[in-house]
Each structure stands twice: as C-alpha cells, then as structure tokens.
>>> print(open('my_file_21.tsv').read())   # TSV, C-alpha atoms
chain	number	residue	atom	x	y	z
I	1498	MET	CA	172.57	111.88	73.85
I	1499	LYS	CA	173.20	113.02	77.45
I	1500	LYS	CA	173.91	116.56	76.25
I	1501	THR	CA	170.69	116.64	74.20
I	1502	GLY	CA	168.63	115.37	77.16
I	1503	LEU	CA	170.24	117.85	79.53
I	1504	LEU	CA	169.73	120.69	77.03
I	1505	LEU	CA	166.07	119.71	76.57
I	1506	LEU	CA	165.56	119.57	80.35
I	1507	ILE	CA	167.10	123.04	80.78
I	1508	LEU	CA	164.94	124.44	77.96
I	1509	ILE	CA	161.74	123.01	79.46
I	1510	SER	CA	162.71	124.37	82.89
I	1511	ILE	CA	163.24	127.85	81.45
I	1512	VAL	CA	159.89	127.81	79.60
I	1513	ILE	CA	157.95	126.60	82.65
I	1514	SER	CA	159.62	129.02	85.06
I	1515	SER	CA	158.93	132.01	82.79
I	1516	CYS	CA	155.15	131.46	82.86
I	1517	GLU	CA	153.10	133.73	85.09
I	1518	LYS	CA	149.67	133.31	86.55
I	1519	ASP	CA	147.07	134.88	84.28
I	1520	ASP	CA	145.59	138.02	85.78
I	1521	ILE	CA	141.98	138.24	84.77
I	1522	CYS	CA	139.71	140.82	86.30
I	1523	VAL	CA	136.27	139.34	86.88
I	1524	GLY	CA	133.37	141.24	88.36
I	1525	GLU	CA	135.22	144.29	89.62
I	1526	GLU	CA	133.76	147.50	88.27
I	1527	ILE	CA	132.74	150.94	89.41
I	1528	PRO	CA	129.54	150.41	91.42
I	1529	LEU	CA	126.22	151.90	90.39
I	1530	LEU	CA	123.90	153.86	92.67
I	1531	VAL	CA	120.79	151.76	93.38
I	1532	ILE	CA	117.53	153.68	93.83
I	1533	GLU	CA	114.19	152.11	94.76
I	1534	PHE	CA	110.83	153.84	94.49
I	1535	PHE	CA	108.09	153.66	97.13
I	1536	ASP	CA	104.52	154.82	97.64
I	1537	ASN	CA	104.45	157.99	99.75
I	1538	ASP	CA	100.72	157.69	100.49
I	1539	VAL	CA	100.83	154.54	102.65
I	1540	THR	CA	102.23	154.12	106.16
I	1541	GLU	CA	104.13	150.90	105.49
I	1542	GLU	CA	106.85	150.79	102.86
I	1543	THR	CA	105.31	149.60	99.62
I	1544	ALA	CA	107.24	149.55	96.37
I	1545	LYS	CA	105.61	151.68	93.71
I	1546	ALA	CA	106.70	151.96	90.10
I	1547	VAL	CA	107.27	155.36	88.57
I	1548	LYS	CA	105.17	155.56	85.41
I	1549	LYS	CA	107.12	156.15	82.19
I	1550	LEU	CA	110.34	157.05	84.04
I	1551	ARG	CA	113.05	158.78	82.07
I	1552	VAL	CA	116.43	159.63	83.60
I	1553	LEU	CA	118.73	162.16	81.99
I	1554	GLY	CA	122.09	163.36	83.17
I	1555	GLU	CA	121.80	167.08	83.81
I	1556	GLY	CA	122.40	168.97	80.58
I	1557	LYS	CA	122.08	165.79	78.49
I	1558	VAL	CA	119.38	164.89	75.96
I	1559	ASP	CA	119.89	161.12	75.85
I	1560	ALA	CA	118.55	158.82	78.54
I	1561	VAL	CA	121.05	157.36	81.03
I	1562	ASN	CA	119.78	153.87	80.19
I	1563	PRO	CA	118.06	153.70	76.76
I	1564	LYS	CA	116.87	150.12	77.42
I	1565	THR	CA	114.62	151.23	80.27
I	1566	ASP	CA	113.75	154.68	78.94
I	1567	ARG	CA	110.10	155.63	79.54
I	1568	THR	CA	109.17	152.37	81.23
I	1569	ASP	CA	107.46	151.76	84.57
I	1570	LEU	CA	110.23	151.06	87.08
I	1571	LYS	CA	110.35	150.19	90.80
I	1572	SER	CA	114.14	150.55	90.91
I	1573	ILE	CA	116.99	151.85	88.82
I	1574	LYS	CA	120.80	151.73	88.85
I	1575	LEU	CA	122.60	154.93	87.95
I	1576	PRO	CA	126.27	155.70	87.30
I	1577	LEU	CA	127.93	158.41	89.37
I	1578	ARG	CA	130.60	160.63	87.84
I	1579	SER	CA	134.08	159.46	88.82
I	1580	ASN	CA	135.74	162.72	87.77
I	1581	GLU	CA	133.50	164.95	89.94
I	1582	ASN	CA	132.23	165.01	93.53
I	1583	SER	CA	128.60	165.32	92.45
I	1584	THR	CA	126.23	164.01	89.80
I	1585	ALA	CA	122.90	165.59	88.86
I	1586	PHE	CA	120.01	163.77	87.22
I	1587	ASN	CA	116.70	164.89	85.79
I	1588	LEU	CA	114.16	162.26	86.81
I	1589	ILE	CA	111.05	162.59	84.66
I	1590	SER	CA	107.77	160.98	85.64
I	1591	ASN	CA	105.13	160.32	82.92
I	1592	SER	CA	107.71	161.17	80.27
I	1593	ALA	CA	106.52	161.83	76.73
I	1594	ASP	CA	107.31	164.13	73.82
I	1595	ASP	CA	104.78	166.45	72.23
I	1596	ASP	CA	104.65	167.02	68.47
I	1597	ASN	CA	107.64	169.40	68.69
I	1598	ASN	CA	109.85	166.89	70.60
I	1599	VAL	CA	109.43	168.88	73.82
I	1600	GLU	CA	109.36	166.87	77.07
I	1601	THR	CA	105.88	166.97	78.65
I	1602	GLY	CA	106.53	164.89	81.79
I	1603	ASN	CA	107.11	166.15	85.33
I	1604	THR	CA	110.86	166.74	85.82
I	1605	ASP	CA	112.56	166.77	89.22
I	1606	THR	CA	116.29	167.51	89.44
I	1607	LEU	CA	118.20	165.47	92.00
I	1608	THR	CA	121.89	166.01	92.76
I	1609	PHE	CA	124.00	163.46	94.61
I	1610	ASN	CA	127.15	164.65	96.40
I	1611	TYR	CA	129.89	162.28	97.55
I	1612	ASP	CA	133.58	161.80	98.23
I	1613	LYS	CA	135.54	159.50	95.92
I	1614	LYS	CA	137.89	156.85	97.22
I	1615	GLU	CA	140.19	154.77	95.02
I	1616	VAL	CA	140.40	151.18	96.22
I	1617	PHE	CA	143.07	148.76	94.96
I	1618	VAL	CA	141.47	145.50	93.88
I	1619	SER	CA	144.24	143.48	92.19
I	1620	ARG	CA	146.94	143.73	89.55
I	1621	ALA	CA	144.45	142.71	86.88
I	1622	CYS	CA	141.68	145.06	87.96
I	1623	GLY	CA	143.78	147.88	89.30
I	1624	TYR	CA	141.80	150.51	91.20
I	1625	VAL	CA	138.06	151.06	91.36
I	1626	ILE	CA	136.20	154.07	92.67
I	1627	HIS	CA	133.97	153.82	95.72
I	1628	TYR	CA	131.75	156.71	96.71
I	1629	GLU	CA	131.54	157.73	100.37
I	1630	ASN	CA	129.41	160.19	102.37
I	1631	LEU	CA	126.55	160.11	99.87
I	1632	SER	CA	124.08	162.97	100.29
I	1633	HIS	CA	121.43	164.55	98.08
I	1634	ILE	CA	119.82	167.83	97.11
I	1635	LEU	CA	116.36	167.88	95.53
I	1636	GLN	CA	115.66	171.04	93.58
I	1637	THR	CA	112.22	172.18	94.69
I	1638	ASP	CA	109.64	173.50	92.27
I	1639	THR	CA	105.88	174.04	92.29
I	1640	ASP	CA	105.10	170.45	91.29
I	1641	ASN	CA	107.68	167.98	92.67
I	1642	TRP	CA	106.60	164.38	92.07
I	1643	ILE	CA	109.34	163.23	94.47
I	1644	LYS	CA	107.95	163.74	97.97
I	1645	LYS	CA	110.73	162.34	100.17
I	1646	ILE	CA	114.24	160.88	99.82
I	1647	GLU	CA	116.04	158.60	102.26
I	1648	ILE	CA	119.72	157.73	101.97
I	1649	LYS	CA	119.87	154.13	103.24
I	1650	GLU	CA	123.57	153.54	102.59
I	1651	THR	CA	126.12	156.37	102.38
I	1652	LEU	CA	128.86	154.12	100.97
I	1653	VAL	CA	128.38	153.10	97.34
I	1654	GLU	CA	130.63	150.09	96.82
I	1655	ASN	CA	128.11	147.33	96.21
I	1656	GLN	CA	125.31	147.47	93.69
I	1657	ALA	CA	123.47	144.52	95.22
I	1658	ILE	CA	121.96	146.75	97.93
I	1659	THR	CA	119.68	149.77	97.89
I	1660	HIS	CA	121.42	153.07	98.54
I	1661	VAL	CA	118.52	155.50	98.12
I	1662	LYS	CA	114.77	155.28	98.65
I	1663	ILE	CA	112.55	157.74	96.83
I	1664	PHE	CA	108.94	158.17	97.92
I	1665	HIS	CA	106.44	159.53	95.40
>>> encode(input="my_file_21.tsv", output="structure tokens")
Amino acid sequence: MKKTGLLLLILISIVISSCEKDDICVGEEIPLLVIEFFDNDVTEETAKAVKKLRVLGEGKVDAVNPKTDRTDLKSIKLPLRSNENSTAFNLISNSADDDNNVETGNTDTLTFNYDKKEVFVSRACGYVIHYENLSHILQTDTDNWIKKIEIKETLVENQAITHVKIFH
C-alpha cells in the first residue's frame, strides 16, 4: 500500500511539474495606418467625410476594405506592406463605375514611405512590425481632390491614434 501511494504521489508530481503556462497571444497584431479626413475650406479643423471613398492598393483592382468600399468615410485604417519600405494607395473620391466597368471617380495616388522595425512581444506572439519615420508623397495631377496632408504621428505602432490627416 505504501509503495502504491508513493508511486501515485511521484506520478502526480511528474504530471504537474511537466505542465507549462499556456501562451496565448491576445491583441498583438501589425498596426494599421489611421487616416482622418478634414474640411480644407474652413480655418478650424472640422472632420469631413469623403463621398463614396474607394481605396485600392496601387496596381490592384479590389478595394483594400470591401466592407467600406464606396461609402462616405471620415476616417479609414489601412495596412502597410511589411515586406517593403513603402505602400502606395489609390484613393478615389466619388467612386463609381460606368457601363464598361471603368472607374469614373477622382483618383489621387498617395505613397507612404517608412522604416520597418521588428519588436518582440512575447513567446506566444513573437515579433510584430512597427513602422517608423512615416512620410508621404502625393502624386500631383490636374485635379487633386486631396489638398493637404499632415503626418501627425511618424511611428505607427498603435491604431488607436490618428497618424495622418488629409484635408480635402
């Protein structure tokens, strides 16, 4: 009986000591670039929705976010490329297709440049990418609907804050 009790105690000790804390990654992800839109025609900052906004990755035909495609938006969150040091978007105001599926809205091309930094989060989450030194280039044309761009935060690590303000 003593041997059985001792054996059972050793077995339970081995099972308990071999357990590890569960590593669950919660809430850690690659941050999105947060853009807010403002009225360019007033002196104080006033949020202004872009009518029928469509956002396409440069060279792509599908919207970045199909759920909000061609809706009136005062802000948008966009993914940046983690395998490049720049990401270009076609932002289309008053987006619509004609009978031949040709885009009829006003398209402005905006490129964001940045440096990537891998940040260790935990064993469960591993590394995430943060984007530093955010800058932009707006391709000018004869009819830009984007009038001014302000980078408010050059470090993209938190998608709860605004990184870019676009005035139109």
>>> residues_around(input="my_file_21.tsv", residues="I:Leu1529", least_positions_apart="4", cutoff="7 Å", atoms="all atoms listed in the file", output="JSON list (two decimals) with C-alpha atoms, in the coordinates of the input")
[["chain", "number", "residue", "atom", "x", "y", "z"],
["I", 1574, "LYS", "CA", 120.80, 151.73, 88.85],
["I", 1575, "LEU", "CA", 122.60, 154.93, 87.95],
["I", 1576, "PRO", "CA", 126.27, 155.70, 87.30],
["I", 1577, "LEU", "CA", 127.93, 158.41, 89.37],
["I", 1656, "GLN", "CA", 125.31, 147.47, 93.69]]
>>> atom_distance(input="my_file_21.tsv", atom1="atom CA of I:Ala1544", atom2="atom CA of I:Thr1565")
17.8 Å
>>> closest_residue(input="my_file_21.tsv", among="I:Lys1649, I:Asn1582, I:Val1599, I:Leu1588", to="I:Tyr1611", atoms="all atoms listed in the file")
I:Asn1582
>>> residues_near_point(input="my_file_21.tsv", point="(115.3, 150.3, 92.1)", cutoff="12 Å", atoms="all atoms listed in the file", output="mmCIF file with C-alpha atoms, in the frame of the given file")
data_model
loop_
_atom_site.group_PDB
_atom_site.id
_atom_site.type_symbol
_atom_site.label_atom_id
_atom_site.label_comp_id
_atom_site.auth_asym_id
_atom_site.auth_seq_id
_atom_site.Cartn_x
_atom_site.Cartn_y
_atom_site.Cartn_z
ATOM 1 C CA LEU I 1529 126.220 151.900 90.390
ATOM 2 C CA LEU I 1530 123.900 153.860 92.670
ATOM 3 C CA VAL I 1531 120.790 151.760 93.380
ATOM 4 C CA ILE I 1532 117.530 153.680 93.830
ATOM 5 C CA GLU I 1533 114.190 152.110 94.760
ATOM 6 C CA PHE I 1534 110.830 153.840 94.490
ATOM 7 C CA PHE I 1535 108.090 153.660 97.130
ATOM 8 C CA ALA I 1544 107.240 149.550 96.370
ATOM 9 C CA LYS I 1545 105.610 151.680 93.710
ATOM 10 C CA ALA I 1546 106.700 151.960 90.100
ATOM 11 C CA VAL I 1547 107.270 155.360 88.570
ATOM 12 C CA LEU I 1550 110.340 157.050 84.040
ATOM 13 C CA THR I 1565 114.620 151.230 80.270
ATOM 14 C CA ASP I 1569 107.460 151.760 84.570
ATOM 15 C CA LEU I 1570 110.230 151.060 87.080
ATOM 16 C CA LYS I 1571 110.350 150.190 90.800
ATOM 17 C CA SER I 1572 114.140 150.550 90.910
ATOM 18 C CA ILE I 1573 116.990 151.850 88.820
ATOM 19 C CA LYS I 1574 120.800 151.730 88.850
ATOM 20 C CA LEU I 1575 122.600 154.930 87.950
ATOM 21 C CA GLN I 1656 125.310 147.470 93.690
ATOM 22 C CA ALA I 1657 123.470 144.520 95.220
ATOM 23 C CA ILE I 1658 121.960 146.750 97.930
ATOM 24 C CA THR I 1659 119.680 149.770 97.890
ATOM 25 C CA HIS I 1660 121.420 153.070 98.540
ATOM 26 C CA VAL I 1661 118.520 155.500 98.120
ATOM 27 C CA LYS I 1662 114.770 155.280 98.650
ATOM 28 C CA ILE I 1663 112.550 157.740 96.830
ATOM 29 C CA PHE I 1664 108.940 158.170 97.920
#
>>> atom_distance(input="my_file_21.tsv", atom1="atom CA of I:Ile1521", atom2="atom CA of I:Cys1622")
7.5 Å
>>> atom_distance(input="my_file_21.tsv", atom1="atom CA of I:Asn1630", atom2="atom CA of I:Asn1610")
7.8 Å
>>> residues_around(input="my_file_21.tsv", residues="I:Lys1614", least_positions_apart="4", cutoff="9 Å", atoms="all atoms listed in the file", output="list in words")
Val1625, Ile1626, His1627, Tyr1628 and Glu1629 of chain I
>>> write_last_selection(input="my_file_21.tsv", atoms="C-alpha atoms", output="JSON list (two decimals), in the coordinates of the input")
[["chain", "number", "residue", "atom", "x", "y", "z"],
["I", 1625, "VAL", "CA", 138.06, 151.06, 91.36],
["I", 1626, "ILE", "CA", 136.20, 154.07, 92.67],
["I", 1627, "HIS", "CA", 133.97, 153.82, 95.72],
["I", 1628, "TYR", "CA", 131.75, 156.71, 96.71],
["I", 1629, "GLU", "CA", 131.54, 157.73, 100.37]]
>>> residues_around(input="my_file_21.tsv", residues="I:Gln1636", least_positions_apart="2", cutoff="7 Å", atoms="all atoms listed in the file", output="PyMOL selection string")
chain I and resi 1605-1607+1634+1638
>>> closest_residue(input="my_file_21.tsv", among="I:Lys1613, I:Ala1593, I:Tyr1624, I:Leu1652", to="I:Asn1580", atoms="all atoms listed in the file")
I:Lys1613
>>> closest_residue(input="my_file_21.tsv", among="I:Thr1651, I:Asp1640, I:His1665, I:Asp1559", to="I:Val1539", atoms="all atoms listed in the file")
I:His1665
>>> closest_residue(input="my_file_21.tsv", among="I:Lys1644, I:Glu1541, I:Ile1589, I:Thr1601", to="I:Val1561", atoms="only C-alpha atoms")
I:Ile1589
>>> closest_residue(input="my_file_21.tsv", among="I:Ile1527, I:Val1653, I:Cys1522, I:Val1552", to="I:Gly1602", atoms="only C-alpha atoms")
I:Val1552
>>> closest_residue(input="my_file_21.tsv", among="I:Asn1587, I:Leu1553, I:Asp1538, I:Lys1548", to="I:Thr1568", atoms="only C-alpha atoms")
I:Lys1548
>>> decode(input="my_file_21.tsv", residues="stretch 1583-1654 of chain I", atoms="C-alpha atoms", output="PDB file, in the first residue's frame")
ATOM      1  CA  SER I1583       6.668  51.888 -48.968  1.00  0.00           C
ATOM      2  CA  THR I1584       2.999  51.348 -49.741  1.00  0.00           C
ATOM      3  CA  ALA I1585       1.030  53.170 -52.433  1.00  0.00           C
ATOM      4  CA  PHE I1586      -2.734  53.624 -52.454  1.00  0.00           C
ATOM      5  CA  ASN I1587      -5.177  54.997 -54.987  1.00  0.00           C
ATOM      6  CA  LEU I1588      -7.731  56.996 -53.007  1.00  0.00           C
ATOM      7  CA  ILE I1589     -10.806  57.585 -55.141  1.00  0.00           C
ATOM      8  CA  SER I1590     -13.375  60.227 -54.252  1.00  0.00           C
ATOM      9  CA  ASN I1591     -16.931  59.915 -55.684  1.00  0.00           C
ATOM     10  CA  SER I1592     -16.105  56.417 -56.885  1.00  0.00           C
ATOM     11  CA  ALA I1593     -18.430  54.772 -59.392  1.00  0.00           C
ATOM     12  CA  ASP I1594     -18.223  52.523 -62.440  1.00  0.00           C
ATOM     13  CA  ASP I1595     -19.614  53.461 -65.831  1.00  0.00           C
ATOM     14  CA  ASP I1596     -21.366  50.925 -68.073  1.00  0.00           C
ATOM     15  CA  ASN I1597     -17.987  49.474 -69.136  1.00  0.00           C
ATOM     16  CA  ASN I1598     -16.751  48.959 -65.530  1.00  0.00           C
ATOM     17  CA  VAL I1599     -14.361  51.894 -65.854  1.00  0.00           C
ATOM     18  CA  GLU I1600     -13.740  53.956 -62.697  1.00  0.00           C
ATOM     19  CA  THR I1601     -15.256  57.451 -63.034  1.00  0.00           C
ATOM     20  CA  GLY I1602     -14.229  58.928 -59.663  1.00  0.00           C
ATOM     21  CA  ASN I1603     -11.358  61.311 -58.944  1.00  0.00           C
ATOM     22  CA  THR I1604      -8.230  59.247 -58.177  1.00  0.00           C
ATOM     23  CA  ASP I1605      -5.277  60.566 -56.169  1.00  0.00           C
ATOM     24  CA  THR I1606      -2.224  58.342 -55.651  1.00  0.00           C
ATOM     25  CA  LEU I1607      -0.623  58.567 -52.222  1.00  0.00           C
ATOM     26  CA  THR I1608       2.575  56.738 -51.289  1.00  0.00           C
ATOM     27  CA  PHE I1609       3.691  56.225 -47.699  1.00  0.00           C
ATOM     28  CA  ASN I1610       7.387  55.610 -47.003  1.00  0.00           C
ATOM     29  CA  TYR I1611       8.662  54.204 -43.712  1.00  0.00           C
ATOM     30  CA  ASP I1612      11.303  52.136 -41.963  1.00  0.00           C
ATOM     31  CA  LYS I1613      10.275  48.768 -40.527  1.00  0.00           C
ATOM     32  CA  LYS I1614      11.212  47.690 -37.035  1.00  0.00           C
ATOM     33  CA  GLU I1615      10.592  44.209 -35.641  1.00  0.00           C
ATOM     34  CA  VAL I1616       9.539  44.330 -31.996  1.00  0.00           C
ATOM     35  CA  PHE I1617       9.484  41.225 -29.778  1.00  0.00           C
ATOM     36  CA  VAL I1618       6.162  40.970 -27.969  1.00  0.00           C
ATOM     37  CA  SER I1619       6.158  37.559 -26.260  1.00  0.00           C
ATOM     38  CA  ARG I1620       6.767  33.878 -26.917  1.00  0.00           C
ATOM     39  CA  ALA I1621       3.151  33.443 -27.974  1.00  0.00           C
ATOM     40  CA  CYS I1622       3.006  36.481 -30.240  1.00  0.00           C
ATOM     41  CA  GLY I1623       6.585  36.508 -31.424  1.00  0.00           C
ATOM     42  CA  TYR I1624       7.547  39.651 -33.328  1.00  0.00           C
ATOM     43  CA  VAL I1625       5.341  42.373 -34.775  1.00  0.00           C
ATOM     44  CA  ILE I1626       6.281  45.067 -37.243  1.00  0.00           C
ATOM     45  CA  HIS I1627       6.204  48.723 -36.260  1.00  0.00           C
ATOM     46  CA  TYR I1628       6.661  51.414 -38.875  1.00  0.00           C
ATOM     47  CA  GLU I1629       8.946  54.372 -38.125  1.00  0.00           C
ATOM     48  CA  ASN I1630       9.767  57.652 -39.883  1.00  0.00           C
ATOM     49  CA  LEU I1631       6.466  57.760 -41.760  1.00  0.00           C
ATOM     50  CA  SER I1632       6.446  60.194 -44.683  1.00  0.00           C
ATOM     51  CA  HIS I1633       4.279  60.646 -47.760  1.00  0.00           C
ATOM     52  CA  ILE I1634       4.342  61.570 -51.432  1.00  0.00           C
ATOM     53  CA  LEU I1635       1.173  62.761 -53.165  1.00  0.00           C
ATOM     54  CA  GLN I1636       1.292  62.350 -56.916  1.00  0.00           C
ATOM     55  CA  THR I1637       0.088  65.653 -58.336  1.00  0.00           C
ATOM     56  CA  ASP I1638      -2.273  65.851 -61.274  1.00  0.00           C
ATOM     57  CA  THR I1639      -4.575  68.482 -62.778  1.00  0.00           C
ATOM     58  CA  ASP I1640      -7.452  67.684 -60.425  1.00  0.00           C
ATOM     59  CA  ASN I1641      -6.222  66.533 -56.983  1.00  0.00           C
ATOM     60  CA  TRP I1642      -9.106  66.225 -54.525  1.00  0.00           C
ATOM     61  CA  ILE I1643      -6.560  65.919 -51.690  1.00  0.00           C
ATOM     62  CA  LYS I1644      -5.438  69.466 -50.907  1.00  0.00           C
ATOM     63  CA  LYS I1645      -3.097  68.960 -47.938  1.00  0.00           C
ATOM     64  CA  ILE I1646      -1.618  66.109 -45.890  1.00  0.00           C
ATOM     65  CA  GLU I1647      -0.270  66.283 -42.340  1.00  0.00           C
ATOM     66  CA  ILE I1648       1.661  63.454 -40.711  1.00  0.00           C
ATOM     67  CA  LYS I1649       0.593  63.671 -37.049  1.00  0.00           C
ATOM     68  CA  GLU I1650       2.496  60.617 -35.811  1.00  0.00           C
ATOM     69  CA  THR I1651       5.577  59.229 -37.580  1.00  0.00           C
ATOM     70  CA  LEU I1652       5.576  55.994 -35.549  1.00  0.00           C
ATOM     71  CA  VAL I1653       2.845  53.520 -36.484  1.00  0.00           C
ATOM     72  CA  GLU I1654       2.584  51.135 -33.544  1.00  0.00           C
TER      73      GLU I1654
END
